[in-house]
>>> print(open('start_37.cif').read())   # mmCIF, C-alpha atoms
data_coords
loop_
_atom_site.label_atom_id
_atom_site.label_comp_id
_atom_site.auth_asym_id
_atom_site.auth_seq_id
_atom_site.Cartn_x
_atom_site.Cartn_y
_atom_site.Cartn_z
CA MET A 1 -17.65 19.28 23.41
CA PRO A 2 -20.89 17.29 23.62
CA LEU A 3 -23.05 17.25 20.51
CA SER A 4 -26.34 19.12 20.44
CA ASP A 5 -29.52 17.15 19.73
CA GLN A 6 -29.59 18.67 16.29
CA GLN A 7 -25.99 17.64 15.54
CA ARG A 8 -26.67 14.15 16.86
CA GLN A 9 -29.67 13.92 14.54
CA GLN A 10 -27.49 14.98 11.60
CA PHE A 11 -25.02 12.20 12.34
CA ASP A 12 -27.88 9.71 12.80
CA ASP A 13 -28.85 10.54 9.22
CA LEU A 14 -25.31 10.64 7.89
CA VAL A 15 -24.31 7.18 9.14
CA LYS A 16 -27.43 5.77 7.52
CA LYS A 17 -27.12 7.52 4.18
CA SER A 18 -26.01 4.21 2.75
CA ARG A 19 -25.80 0.67 4.13
CA VAL A 20 -22.03 1.00 4.37
CA VAL A 21 -20.54 4.38 5.22
CA LEU A 22 -16.86 5.02 5.81
CA PHE A 23 -15.67 8.21 7.50
CA MET A 24 -12.16 8.69 6.18
CA LYS A 25 -9.43 11.11 5.18
CA GLY A 26 -9.68 11.71 1.45
CA ASN A 27 -12.02 9.75 -0.80
CA LYS A 28 -12.13 6.22 -2.14
CA HIS A 29 -10.00 7.15 -5.15
CA PHE A 30 -7.44 9.18 -3.23
CA PRO A 31 -7.24 8.11 0.41
CA GLN A 32 -5.03 10.58 2.24
CA CYS A 33 -3.93 8.39 5.08
CA GLY A 34 -2.62 4.86 5.26
CA PHE A 35 -5.27 3.61 7.69
CA SER A 36 -8.10 4.93 5.51
CA ALA A 37 -6.45 3.35 2.45
CA GLN A 38 -6.33 -0.05 4.15
CA VAL A 39 -10.03 0.01 4.96
CA ILE A 40 -10.85 1.12 1.41
CA GLY A 41 -8.78 -1.83 0.15
CA ILE A 42 -10.76 -4.26 2.30
CA LEU A 43 -14.15 -2.82 1.34
CA LYS A 44 -13.22 -3.10 -2.34
CA GLU A 45 -12.22 -6.73 -1.78
CA THR A 46 -15.65 -7.52 -0.38
CA GLY A 47 -17.29 -6.03 -3.46
CA VAL A 48 -20.08 -4.27 -1.53
CA PRO A 49 -21.09 -0.77 -2.60
CA PHE A 50 -20.14 1.84 -0.02
CA GLU A 51 -20.14 5.57 0.50
CA THR A 52 -17.38 7.64 1.97
CA VAL A 53 -17.41 10.87 3.96
CA ASN A 54 -14.23 12.91 3.72
CA VAL A 55 -13.67 14.33 7.20
CA LEU A 56 -10.90 16.58 5.92
CA SER A 57 -13.41 18.67 4.00
CA ASP A 58 -15.42 19.60 7.11
CA PRO A 59 -13.86 20.14 10.56
CA ALA A 60 -17.32 19.93 12.15
CA VAL A 61 -17.75 16.39 10.82
CA ARG A 62 -14.19 15.47 11.71
CA ASP A 63 -14.60 16.41 15.36
CA GLY A 64 -18.28 15.53 15.51
CA ILE A 65 -17.96 11.94 14.33
CA LYS A 66 -15.30 11.26 16.96
CA GLU A 67 -17.71 12.48 19.62
CA TYR A 68 -20.69 10.67 18.07
CA SER A 69 -18.89 7.30 17.87
CA SER A 70 -16.90 7.77 21.10
CA TRP A 71 -13.90 6.89 18.98
CA PRO A 72 -10.96 9.29 18.70
CA THR A 73 -9.49 8.19 15.37
CA ILE A 74 -10.33 8.14 11.67
CA PRO A 75 -11.28 6.00 9.70
CA GLN A 76 -14.57 4.82 11.15
CA LEU A 77 -16.80 2.26 9.51
CA TYR A 78 -20.58 2.15 9.85
CA VAL A 79 -22.72 -0.72 8.60
CA ASP A 80 -26.52 -0.47 8.83
CA GLY A 81 -26.07 2.57 11.06
CA GLU A 82 -23.95 0.61 13.54
CA PHE A 83 -20.37 1.59 14.35
CA LEU A 84 -18.05 -1.34 13.62
CA GLY A 85 -14.67 0.14 14.41
CA GLY A 86 -11.48 1.59 12.99
CA CYS A 87 -8.75 0.14 10.83
CA ASP A 88 -7.48 -2.55 13.25
CA ILE A 89 -10.91 -3.93 13.97
CA VAL A 90 -12.02 -3.91 10.34
CA LYS A 91 -8.84 -5.76 9.35
CA GLU A 92 -9.33 -8.35 12.05
CA MET A 93 -13.02 -8.82 11.24
CA TYR A 94 -12.20 -9.25 7.57
CA ALA A 95 -9.49 -11.81 8.25
CA ALA A 96 -11.85 -13.80 10.48
CA GLY A 97 -14.75 -13.57 8.00
CA ASP A 98 -16.94 -11.59 10.45
CA LEU A 99 -17.02 -8.48 8.29
CA GLN A 100 -18.27 -10.49 5.32
CA LYS A 101 -21.06 -11.93 7.51
CA LYS A 102 -22.03 -8.48 8.68
CA LEU A 103 -22.12 -7.21 5.12
CA GLY A 104 -24.02 -10.27 3.95
CA VAL A 105 -21.52 -11.19 1.28
CA VAL A 106 -20.68 -14.77 0.55
CA GLU A 107 -17.01 -14.99 0.07
CA LYS A 108 -15.70 -17.31 -2.56
CA PRO A 109 -13.08 -19.53 -1.02
CA VAL A 110 -9.66 -18.35 -2.09
CA ALA A 111 -7.66 -21.09 -3.76
CA PRO A 112 -4.15 -21.53 -2.39
CA PRO A 113 -1.83 -19.81 -4.86
CA ALA A 114 0.72 -21.83 -6.79
CA ILE A 115 4.14 -20.60 -5.75
CA THR A 116 7.72 -21.55 -6.61
CA LEU A 117 10.67 -21.15 -4.28
CA ASP A 118 14.13 -21.72 -5.67
CA GLU A 119 16.58 -23.81 -3.65
CA ARG A 120 18.63 -20.88 -2.38
CA ALA A 121 15.54 -18.96 -1.31
CA ALA A 122 14.26 -22.02 0.56
CA LYS A 123 17.60 -22.40 2.29
CA ALA A 124 17.74 -18.71 3.25
CA ILE A 125 14.26 -19.00 4.78
CA LYS A 126 15.05 -22.22 6.66
CA ASP A 127 18.22 -20.62 8.04
CA ALA A 128 16.26 -17.61 9.24
CA ASP A 129 13.56 -19.69 10.94
CA GLU A 130 14.09 -19.44 14.69
CA GLY A 131 11.74 -22.33 15.39
CA ASN A 132 9.60 -20.15 17.65
CA GLY A 133 6.29 -21.06 16.01
CA GLU A 134 6.29 -18.06 13.69
CA HIS A 135 5.93 -18.68 10.00
CA LEU A 136 6.99 -16.95 6.88
CA ARG A 137 4.29 -14.51 5.77
CA LEU A 138 4.09 -12.82 2.42
CA GLU A 139 1.89 -9.75 2.14
CA ILE A 140 1.16 -8.18 -1.22
CA ASP A 141 -0.70 -4.89 -1.10
CA GLU A 142 -2.84 -3.41 -3.85
CA LYS A 143 0.15 -1.58 -5.28
CA PHE A 144 2.03 -4.89 -5.46
CA GLN A 145 4.49 -3.90 -2.79
CA TYR A 146 5.80 -6.89 -0.89
CA GLU A 147 6.42 -7.64 2.77
CA LEU A 148 8.16 -10.92 3.54
CA TYR A 149 8.62 -11.63 7.24
CA PHE A 150 8.19 -14.13 10.06
CA GLY A 151 4.98 -13.66 11.99
CA PRO A 152 2.34 -15.57 13.96
CA PRO A 153 -0.48 -17.39 12.11
CA GLN A 154 -3.72 -15.38 11.83
CA ALA A 155 -7.37 -16.28 11.40
CA GLY A 156 -8.28 -16.83 7.76
CA ASP A 157 -4.69 -17.48 6.67
CA ILE A 158 -4.05 -19.47 3.53
CA GLU A 159 -1.19 -21.87 3.81
CA VAL A 160 1.05 -23.04 0.97
CA VAL A 161 4.05 -25.35 1.16
CA ALA A 162 6.75 -25.00 -1.50
CA SER A 163 10.24 -26.53 -1.48
CA GLY A 164 9.60 -27.68 2.09
CA VAL A 165 8.83 -24.16 3.30
CA LYS A 166 5.45 -23.13 4.68
CA VAL A 167 4.28 -19.70 3.53
CA LEU A 168 1.21 -17.95 4.95
CA PHE A 169 -0.92 -15.47 3.03
CA ASP A 170 -3.87 -13.37 4.07
CA LYS A 171 -6.78 -13.66 1.64
CA ALA A 172 -6.11 -10.50 -0.34
CA SER A 173 -2.43 -11.35 -0.73
CA ALA A 174 -3.22 -14.93 -1.78
CA LYS A 175 -5.33 -13.65 -4.64
CA ARG A 176 -2.39 -11.60 -5.90
CA ALA A 177 0.17 -14.39 -5.50
CA ASP A 178 -0.82 -17.13 -7.94
CA GLY A 179 2.14 -18.09 -10.13
CA ILE A 180 4.63 -16.18 -8.00
CA ARG A 181 8.31 -17.10 -7.97
CA ILE A 182 10.62 -16.32 -5.06
CA GLN A 183 14.36 -16.40 -5.69
CA TRP A 184 17.46 -15.58 -3.73
CA VAL A 185 19.81 -13.40 -5.76
CA ASP A 186 23.29 -12.08 -5.08
CA THR A 187 23.56 -8.37 -4.40
CA PRO A 188 26.55 -6.18 -3.47
CA ASP A 189 25.60 -6.44 0.21
CA GLY A 190 25.22 -10.22 0.36
CA GLY A 191 21.91 -11.23 -1.16
CA ALA A 192 18.21 -10.55 -1.25
CA PHE A 193 14.90 -12.12 -2.12
CA LYS A 194 13.62 -11.39 -5.58
CA ILE A 195 9.95 -11.85 -6.31
CA GLU A 196 8.57 -12.33 -9.79
CA ASN A 197 4.82 -12.04 -9.99
CA PRO A 198 2.85 -12.52 -13.20
CA ASN A 199 -0.14 -10.71 -11.64
CA GLU A 200 1.71 -7.42 -11.33
CA PRO A 201 0.38 -4.71 -13.57
CA ALA A 202 2.86 -3.43 -16.15
CA ARG A 203 5.27 -0.78 -14.91
CA VAL A 204 7.83 1.45 -16.52
CA LYS A 205 11.12 -0.44 -16.34
CA SER A 206 14.48 1.27 -15.95
CA LEU A 207 17.13 0.88 -18.62
CA THR A 208 20.71 2.09 -18.20
CA VAL A 209 22.69 3.53 -21.09
CA THR A 210 25.05 0.53 -21.02
CA GLU A 211 22.08 -1.84 -21.28
CA LEU A 212 20.79 0.19 -24.21
CA LYS A 213 24.18 -0.03 -25.91
CA ALA A 214 24.16 -3.81 -25.44
CA TRP A 215 20.65 -4.03 -26.96
CA MET A 216 21.87 -2.11 -30.00
CA ASP A 217 25.01 -4.24 -30.35
CA GLU A 218 23.11 -7.51 -30.20
CA GLY A 219 20.54 -6.25 -32.70
CA LYS A 220 17.56 -6.65 -30.38
CA PRO A 221 14.39 -5.27 -31.93
CA PHE A 222 12.99 -2.29 -30.02
CA GLU A 223 11.81 1.27 -30.55
CA LEU A 224 13.79 4.24 -29.25
CA ILE A 225 11.78 7.40 -28.76
CA ASP A 226 13.24 10.83 -28.07
CA VAL A 227 10.65 12.94 -26.29
CA ARG A 228 12.61 16.22 -26.52
CA GLY A 229 11.66 19.09 -28.82
CA GLU A 230 13.37 19.94 -32.06
CA ASP A 231 15.71 22.63 -30.66
CA GLU A 232 17.23 20.17 -28.20
CA ARG A 233 17.38 17.41 -30.79
CA ASN A 234 19.38 19.76 -33.02
CA ILE A 235 22.07 20.03 -30.34
CA ALA A 236 22.47 16.31 -29.75
CA LYS A 237 20.62 13.13 -30.58
CA LEU A 238 20.97 9.38 -30.83
CA ASP A 239 21.02 8.09 -34.39
CA ARG A 240 18.14 5.69 -34.28
CA ALA A 241 15.91 7.72 -31.95
CA ARG A 242 12.59 8.73 -33.39
CA ALA A 243 11.05 12.06 -32.32
CA LEU A 244 7.76 11.95 -30.43
CA ASP A 245 6.02 14.34 -32.84
CA ALA A 246 2.66 13.69 -34.45
CA ALA A 247 4.17 11.17 -36.87
CA GLY A 248 6.13 9.43 -34.10
CA GLU A 249 3.04 9.23 -31.93
CA LYS A 250 1.04 7.69 -34.78
CA HIS A 251 3.81 5.21 -35.51
CA LEU A 252 3.90 4.07 -31.86
CA LEU A 253 0.17 3.68 -31.43
CA ALA A 254 0.07 1.38 -34.46
CA LEU A 255 2.65 -0.98 -32.95
CA ASP A 256 2.01 -4.26 -31.21
CA LYS A 257 1.45 -3.48 -27.51
CA LYS A 258 4.22 -5.87 -26.49
CA THR A 259 6.91 -4.06 -28.52
CA PRO A 260 9.76 -2.93 -26.29
CA ILE A 261 9.80 0.87 -26.34
CA VAL A 262 12.59 2.92 -24.80
CA PHE A 263 11.88 6.55 -23.98
CA GLN A 264 14.74 9.01 -23.79
CA CYS A 265 15.15 12.72 -23.04
CA HIS A 266 17.93 14.91 -21.63
CA HIS A 267 18.17 13.53 -18.08
CA GLY A 268 15.48 10.84 -17.87
CA SER A 269 12.63 12.73 -16.24
CA ARG A 270 10.47 13.91 -19.16
CA SER A 271 10.95 10.52 -20.79
CA ARG A 272 9.55 8.84 -17.67
CA SER A 273 6.34 10.87 -17.91
CA ALA A 274 6.01 9.92 -21.57
CA ALA A 275 6.65 6.26 -20.71
CA GLU A 276 3.93 6.36 -18.03
CA ARG A 277 1.54 7.77 -20.60
CA PHE A 278 2.19 4.91 -23.05
CA LEU A 279 1.75 2.41 -20.23
CA ARG A 280 -1.75 3.81 -19.83
CA GLU A 281 -2.25 3.34 -23.58
CA GLY A 282 -1.81 -0.37 -22.90
CA PHE A 283 1.83 -0.92 -23.81
CA THR A 284 3.41 -3.52 -21.55
CA ASN A 285 7.11 -3.37 -22.35
CA VAL A 286 7.95 0.24 -21.63
CA PHE A 287 11.43 1.40 -20.60
CA ASN A 288 12.86 4.68 -19.40
CA LEU A 289 16.43 5.48 -20.32
CA GLU A 290 17.82 6.55 -16.94
CA GLY A 291 20.04 9.62 -17.14
CA GLY A 292 18.98 10.33 -20.71
CA ILE A 293 21.28 11.47 -23.47
CA GLU A 294 23.53 13.13 -20.90
CA ALA A 295 24.41 9.71 -19.41
CA TRP A 296 24.81 8.29 -22.91
CA SER A 297 27.37 10.98 -23.73
CA GLN A 298 29.27 10.43 -20.48
CA LYS A 299 29.29 6.65 -20.42
CA VAL A 300 28.88 5.38 -23.97
CA ASP A 301 29.70 7.90 -26.67
CA SER A 302 31.51 11.13 -25.80
CA LYS A 303 31.03 12.36 -29.38
CA VAL A 304 27.39 13.09 -28.53
CA ALA A 305 27.33 16.76 -27.48
CA ARG A 306 26.48 17.66 -23.88
CA TYR A 307 24.45 20.73 -23.13
CA MET B 1 10.17 7.23 28.22
CA ALA B 2 9.17 10.55 26.69
CA ALA B 3 6.76 12.80 28.54
CA ILE B 4 3.84 12.21 26.19
CA GLU B 5 4.13 8.45 26.54
CA GLU B 6 4.08 8.86 30.34
CA THR B 7 1.01 11.07 30.03
CA MET B 8 -0.76 8.47 27.87
CA LYS B 9 0.13 5.70 30.28
CA ALA B 10 -1.12 7.68 33.28
CA ALA B 11 -4.38 8.52 31.49
CA ILE B 12 -5.01 4.85 30.69
CA LEU B 13 -4.20 3.77 34.26
CA GLU B 14 -6.60 6.34 35.63
CA LYS B 15 -9.40 4.77 33.57
CA ILE B 16 -8.28 1.15 34.07
CA PRO B 17 -6.60 0.93 37.49
CA GLY B 18 -4.18 -1.94 37.95
CA ALA B 19 -3.67 -2.56 34.25
CA THR B 20 -0.28 -3.34 32.74
CA VAL B 21 0.27 -0.63 30.15
CA GLN B 22 2.98 -0.40 27.53
CA VAL B 23 3.29 2.63 25.27
CA ALA B 24 5.98 2.67 22.59
CA PRO B 25 6.81 4.93 19.66
CA GLY B 26 5.13 3.89 16.41
CA SER B 27 5.86 4.56 12.77
CA GLY B 28 6.54 8.28 13.06
CA GLY B 29 6.17 11.43 15.10
CA GLY B 30 2.94 11.38 17.07
CA HIS B 31 2.37 7.69 16.26
CA PHE B 32 2.34 5.12 19.04
CA THR B 33 1.71 1.49 19.73
CA VAL B 34 -0.15 0.60 22.89
CA GLN B 35 -0.65 -2.65 24.76
CA VAL B 36 -2.92 -2.95 27.76
CA VAL B 37 -3.41 -6.05 29.89
CA SER B 38 -6.29 -6.07 32.37
CA PRO B 39 -9.05 -8.45 33.51
CA VAL B 40 -11.48 -5.61 32.79
CA PHE B 41 -11.52 -6.72 29.11
CA GLU B 42 -12.97 -10.10 30.06
CA GLY B 43 -16.12 -10.72 28.04
CA LYS B 44 -15.78 -7.47 26.12
CA SER B 45 -15.62 -7.33 22.33
CA MET B 46 -12.58 -5.89 20.60
CA LEU B 47 -14.59 -2.75 19.89
CA GLU B 48 -15.61 -2.28 23.52
CA SER B 49 -12.09 -3.00 24.75
CA GLN B 50 -10.44 -0.58 22.35
CA ARG B 51 -13.07 2.06 23.04
CA LEU B 52 -12.27 1.88 26.74
CA VAL B 53 -8.57 2.51 26.11
CA LEU B 54 -9.03 5.08 23.37
CA GLY B 55 -11.60 6.90 25.48
CA ALA B 56 -8.96 7.34 28.16
CA ILE B 57 -6.57 9.10 25.78
CA ALA B 58 -9.11 10.81 23.52
CA HIS B 59 -8.32 14.23 24.98
CA LEU B 60 -4.70 13.81 23.79
CA MET B 61 -5.84 13.11 20.22
CA LYS B 62 -8.14 16.07 19.77
CA GLY B 63 -7.54 18.97 17.41
CA ASP B 64 -4.90 19.74 14.81
CA GLY B 65 -1.97 20.24 17.19
CA ALA B 66 -2.71 17.08 19.17
CA PRO B 67 0.36 15.35 20.66
CA VAL B 68 -1.02 11.95 19.64
CA HIS B 69 -1.80 11.64 15.92
CA ALA B 70 -2.43 7.97 15.59
CA ILE B 71 -2.25 4.65 17.38
CA ASP B 72 -0.58 2.28 14.93
CA SER B 73 -1.48 -0.75 16.92
CA LEU B 74 -3.63 -1.20 20.01
CA LYS B 75 -3.69 -4.59 21.71
CA THR B 76 -5.92 -5.36 24.64
CA ARG B 77 -5.55 -8.65 26.48
CA THR B 78 -7.00 -10.11 29.65
CA SER B 79 -3.80 -11.82 30.75
#
>>> encode(input="start_37.cif", output="structure tokens")
Amino acid sequence: MPLSDQQRQQFDDLVKKSRVVLFMKGNKHFPQCGFSAQVIGILKETGVPFETVNVLSDPAVRDGIKEYSSWPTIPQLYVDGEFLGGCDIVKEMYAAGDLQKKLGVVEKPVAPPAITLDERAAKAIKDADEGNGEHLRLEIDEKFQYELYFGPPQAGDIEVVASGVKVLFDKASAKRADGIRIQWVDTPDGGAFKIENPNEPARVKSLTVTELKAWMDEGKPFELIDVRGEDERNIAKLDRARALDAAGEKHLLALDKKTPIVFQCHHGSRSRSAAERFLREGFTNVFNLEGGIEAWSQKVDSKVARY
Amino acid sequence: MAAIEETMKAAILEKIPGATVQVAPGSGGGHFTVQVVSPVFEGKSMLESQRLVLGAIAHLMKGDGAPVHAIDSLKTRTS
């Protein structure tokens, strides 16, 4: 349906409400579609201030902007009132440096990251190289999820050679890759790449009950926290586990932030939430006891009551 | 090729006669990847080229129950 003059005028104003306006699904904190999230990621990389319009909150805007831009998909990026394009185009412009020019930002050159490839990883990559001109690419997204694959070189790529293997990074990935180590490790189904990255934010790590038992046996220093309430603790508990009551909470918050802390509950779900919370408090060595006290009873010590 | 992919292809060919059009399933239901080769893109920017193709299938992407949700990748080439 064509837009009325009045609607057209409204969009003329909307696309100019800020220098950079992104029409997207969701908002910049919670993008609700992968394409919108990618554009948000790029805009954040450039460091320019931008406004977003959530098309999901108004069907008239959602349909209207498609008509106004003659562009059937969301997201849509406007700079200085001019339509630049959707996700593909923005990605390509960013890689080539054209987006930065348009936005008037001077991009600091990205230093090639220092990377280490162990011998077996290098061999696995060389064996997989089909010699068809494609190179190994490593992409690291803002959640530190990794994609390692062979692909064609792209504009703006940053090239690093390690152990005789050429690895290509796009700019955003390169910034997240400094100090990275790529290994080849044995797995039940043959082997896999393992990536260690010092730039990764801290995450809750998984601990099995057998690993916990080994920690106890070797006398490793760590804190064990039982997040269950008193009634459940009265049925069954691990000897050295401290309750997460007011006193326990106080005790934890006074500890060095690097102290290994293991959270435990009945099955491993409530303890994960507690572990996430302490991660946000700044603790960096946080573990969740997978399977909880139930798994402990089944695999380590059957004298601990099940319920 | 599924019916919707045929419909997309026909719509693109109607707008860009003589083009070589490939439509393939993308990352999920209603997602597709599209490649179009035609001299008509000569001298056009990526935006203009994509707009030409997307304009041809816009009617299939409209509304909540649209058969085409997203184009994961759209490549336009002149040869």
>>> closest_residue(input="start_37.cif", among="B:Gly18, B:Gly55, B:Gly28, B:Gly65", to="chain A", atoms="all atoms listed in the file")
B:Gly55
>>> closest_residue(input="start_37.cif", among="A:Ile74, A:Val48, A:Leu253, A:Val39", to="chain B", atoms="all atoms listed in the file")
A:Ile74
>>> resolve_selection(input="start_37.cif", expression="the PyMOL selection byres ((chain B) within 8 of (chain A))", output="list in words")
Met46, Leu47, Arg51, Leu54, Gly55, Ala58, Met61, Lys62, Gly63, Ala70, Ser73 and Leu74 of chain B
>>> atom_distance(input="start_37.cif", atom1="atom CA of Thr284 of chain A", atom2="atom CA of Ile225 of chain A")
15.5 Å
>>> resolve_selection(input="start_37.cif", expression="the PyMOL selection byres ((chain A and resi 261-273) around 7)", output="list in words")
Phe222, Glu223, Leu224, Ile225, Asp226, Val227, Arg228, Thr259, Pro260, Ala274, Ala275, Glu276, Arg277, Asn285, Val286, Phe287, Asn288, Leu289, Glu290, Gly291, Gly292, Ile293 and Glu294 of chain A
>>> residues_around(input="start_37.cif", residues="Thr52 of chain A", least_positions_apart="2", cutoff="7 Å", atoms="all atoms listed in the file", output="ChimeraX atom specification")
/A:21-24,27-28,50,54
>>> write_last_selection(input="start_37.cif", atoms="C-alpha atoms", output="JSON list (two decimals), in the coordinates of the input")
[["chain", "number", "residue", "atom", "x", "y", "z"],
["A", 21, "VAL", "CA", -20.54, 4.38, 5.22],
["A", 22, "LEU", "CA", -16.86, 5.02, 5.81],
["A", 23, "PHE", "CA", -15.67, 8.21, 7.50],
["A", 24, "MET", "CA", -12.16, 8.69, 6.18],
["A", 27, "ASN", "CA", -12.02, 9.75, -0.80],
["A", 28, "LYS", "CA", -12.13, 6.22, -2.14],
["A", 50, "PHE", "CA", -20.14, 1.84, -0.02],
["A", 54, "ASN", "CA", -14.23, 12.91, 3.72]]
>>> resolve_selection(input="start_37.cif", expression="the PyMOL selection byres ((chain A and resi 138) around 6)", output="list in words")
Arg137, Glu139, Glu147, Leu148 and Phe169 of chain A
>>> atom_distance(input="start_37.cif", atom1="atom CA of Asp170 of chain A", atom2="atom CA of Asp157 of chain A")
4.9 Å
>>> residues_near_point(input="start_37.cif", point="(-21.5, -3.8, 9.0)", cutoff="9 Å", atoms="all atoms listed in the file", output="mmCIF file with C-alpha atoms, in the coordinates of the input")
data_model
loop_
_atom_site.group_PDB
_atom_site.id
_atom_site.type_symbol
_atom_site.label_atom_id
_atom_site.label_comp_id
_atom_site.auth_asym_id
_atom_site.auth_seq_id
_atom_site.Cartn_x
_atom_site.Cartn_y
_atom_site.Cartn_z
ATOM 1 C CA ARG A 19 -25.800 0.670 4.130
ATOM 2 C CA VAL A 20 -22.030 1.000 4.370
ATOM 3 C CA LEU A 77 -16.800 2.260 9.510
ATOM 4 C CA TYR A 78 -20.580 2.150 9.850
ATOM 5 C CA VAL A 79 -22.720 -0.720 8.600
ATOM 6 C CA ASP A 80 -26.520 -0.470 8.830
ATOM 7 C CA GLY A 81 -26.070 2.570 11.060
ATOM 8 C CA GLU A 82 -23.950 0.610 13.540
ATOM 9 C CA PHE A 83 -20.370 1.590 14.350
ATOM 10 C CA LEU A 84 -18.050 -1.340 13.620
ATOM 11 C CA LEU A 99 -17.020 -8.480 8.290
ATOM 12 C CA GLN A 100 -18.270 -10.490 5.320
ATOM 13 C CA LYS A 101 -21.060 -11.930 7.510
ATOM 14 C CA LYS A 102 -22.030 -8.480 8.680
ATOM 15 C CA LEU A 103 -22.120 -7.210 5.120
ATOM 16 C CA GLY A 104 -24.020 -10.270 3.950
#
>>> atom_distance(input="start_37.cif", atom1="atom CA of His29 of chain A", atom2="atom CA of Asn199 of chain A")
21.4 Å
>>> closest_residue(input="start_37.cif", among="A:Leu56, A:Ala305, A:Ile40, A:Ile125", to="Glu232 of chain A", atoms="all atoms listed in the file")
A:Ala305
>>> residues_around(input="start_37.cif", residues="Lys175 of chain A", least_positions_apart="6", cutoff="10 Å", atoms="all atoms listed in the file", output="list in words")
Val110, Ala111, Pro112, Pro113, Ile140, Phe169 and Asn199 of chain A
>>> write_last_selection(input="start_37.cif", atoms="C-alpha atoms", output="CSV table (one decimal), in the frame of the given file")
chain,number,residue,atom,x,y,z
A,110,VAL,CA,-9.7,-18.4,-2.1
A,111,ALA,CA,-7.7,-21.1,-3.8
A,112,PRO,CA,-4.2,-21.5,-2.4
A,113,PRO,CA,-1.8,-19.8,-4.9
A,140,ILE,CA,1.2,-8.2,-1.2
A,169,PHE,CA,-0.9,-15.5,3.0
A,199,ASN,CA,-0.1,-10.7,-11.6
>>> closest_residue(input="start_37.cif", among="B:Asp72, B:Ile4, B:Ser79, B:Leu60", to="Val40 of chain B", atoms="all atoms listed in the file")
B:Ser79
>>> residues_around(input="start_37.cif", residues="Glu119 of chain A", least_positions_apart="5", cutoff="12 Å", atoms="only C-alpha atoms", output="JSON, numbers by chain")
{"A": [124, 125, 126, 162, 163, 164, 165, 181, 182, 183, 184, 185, 193]}
>>> residues_around(input="start_37.cif", residues="Arg77 of chain B", least_positions_apart="6", cutoff="8 Å", atoms="only C-alpha atoms", output="list of chain:residue names")
B:Gln35, B:Val36, B:Val37, B:Ser38, B:Pro39, B:Phe41
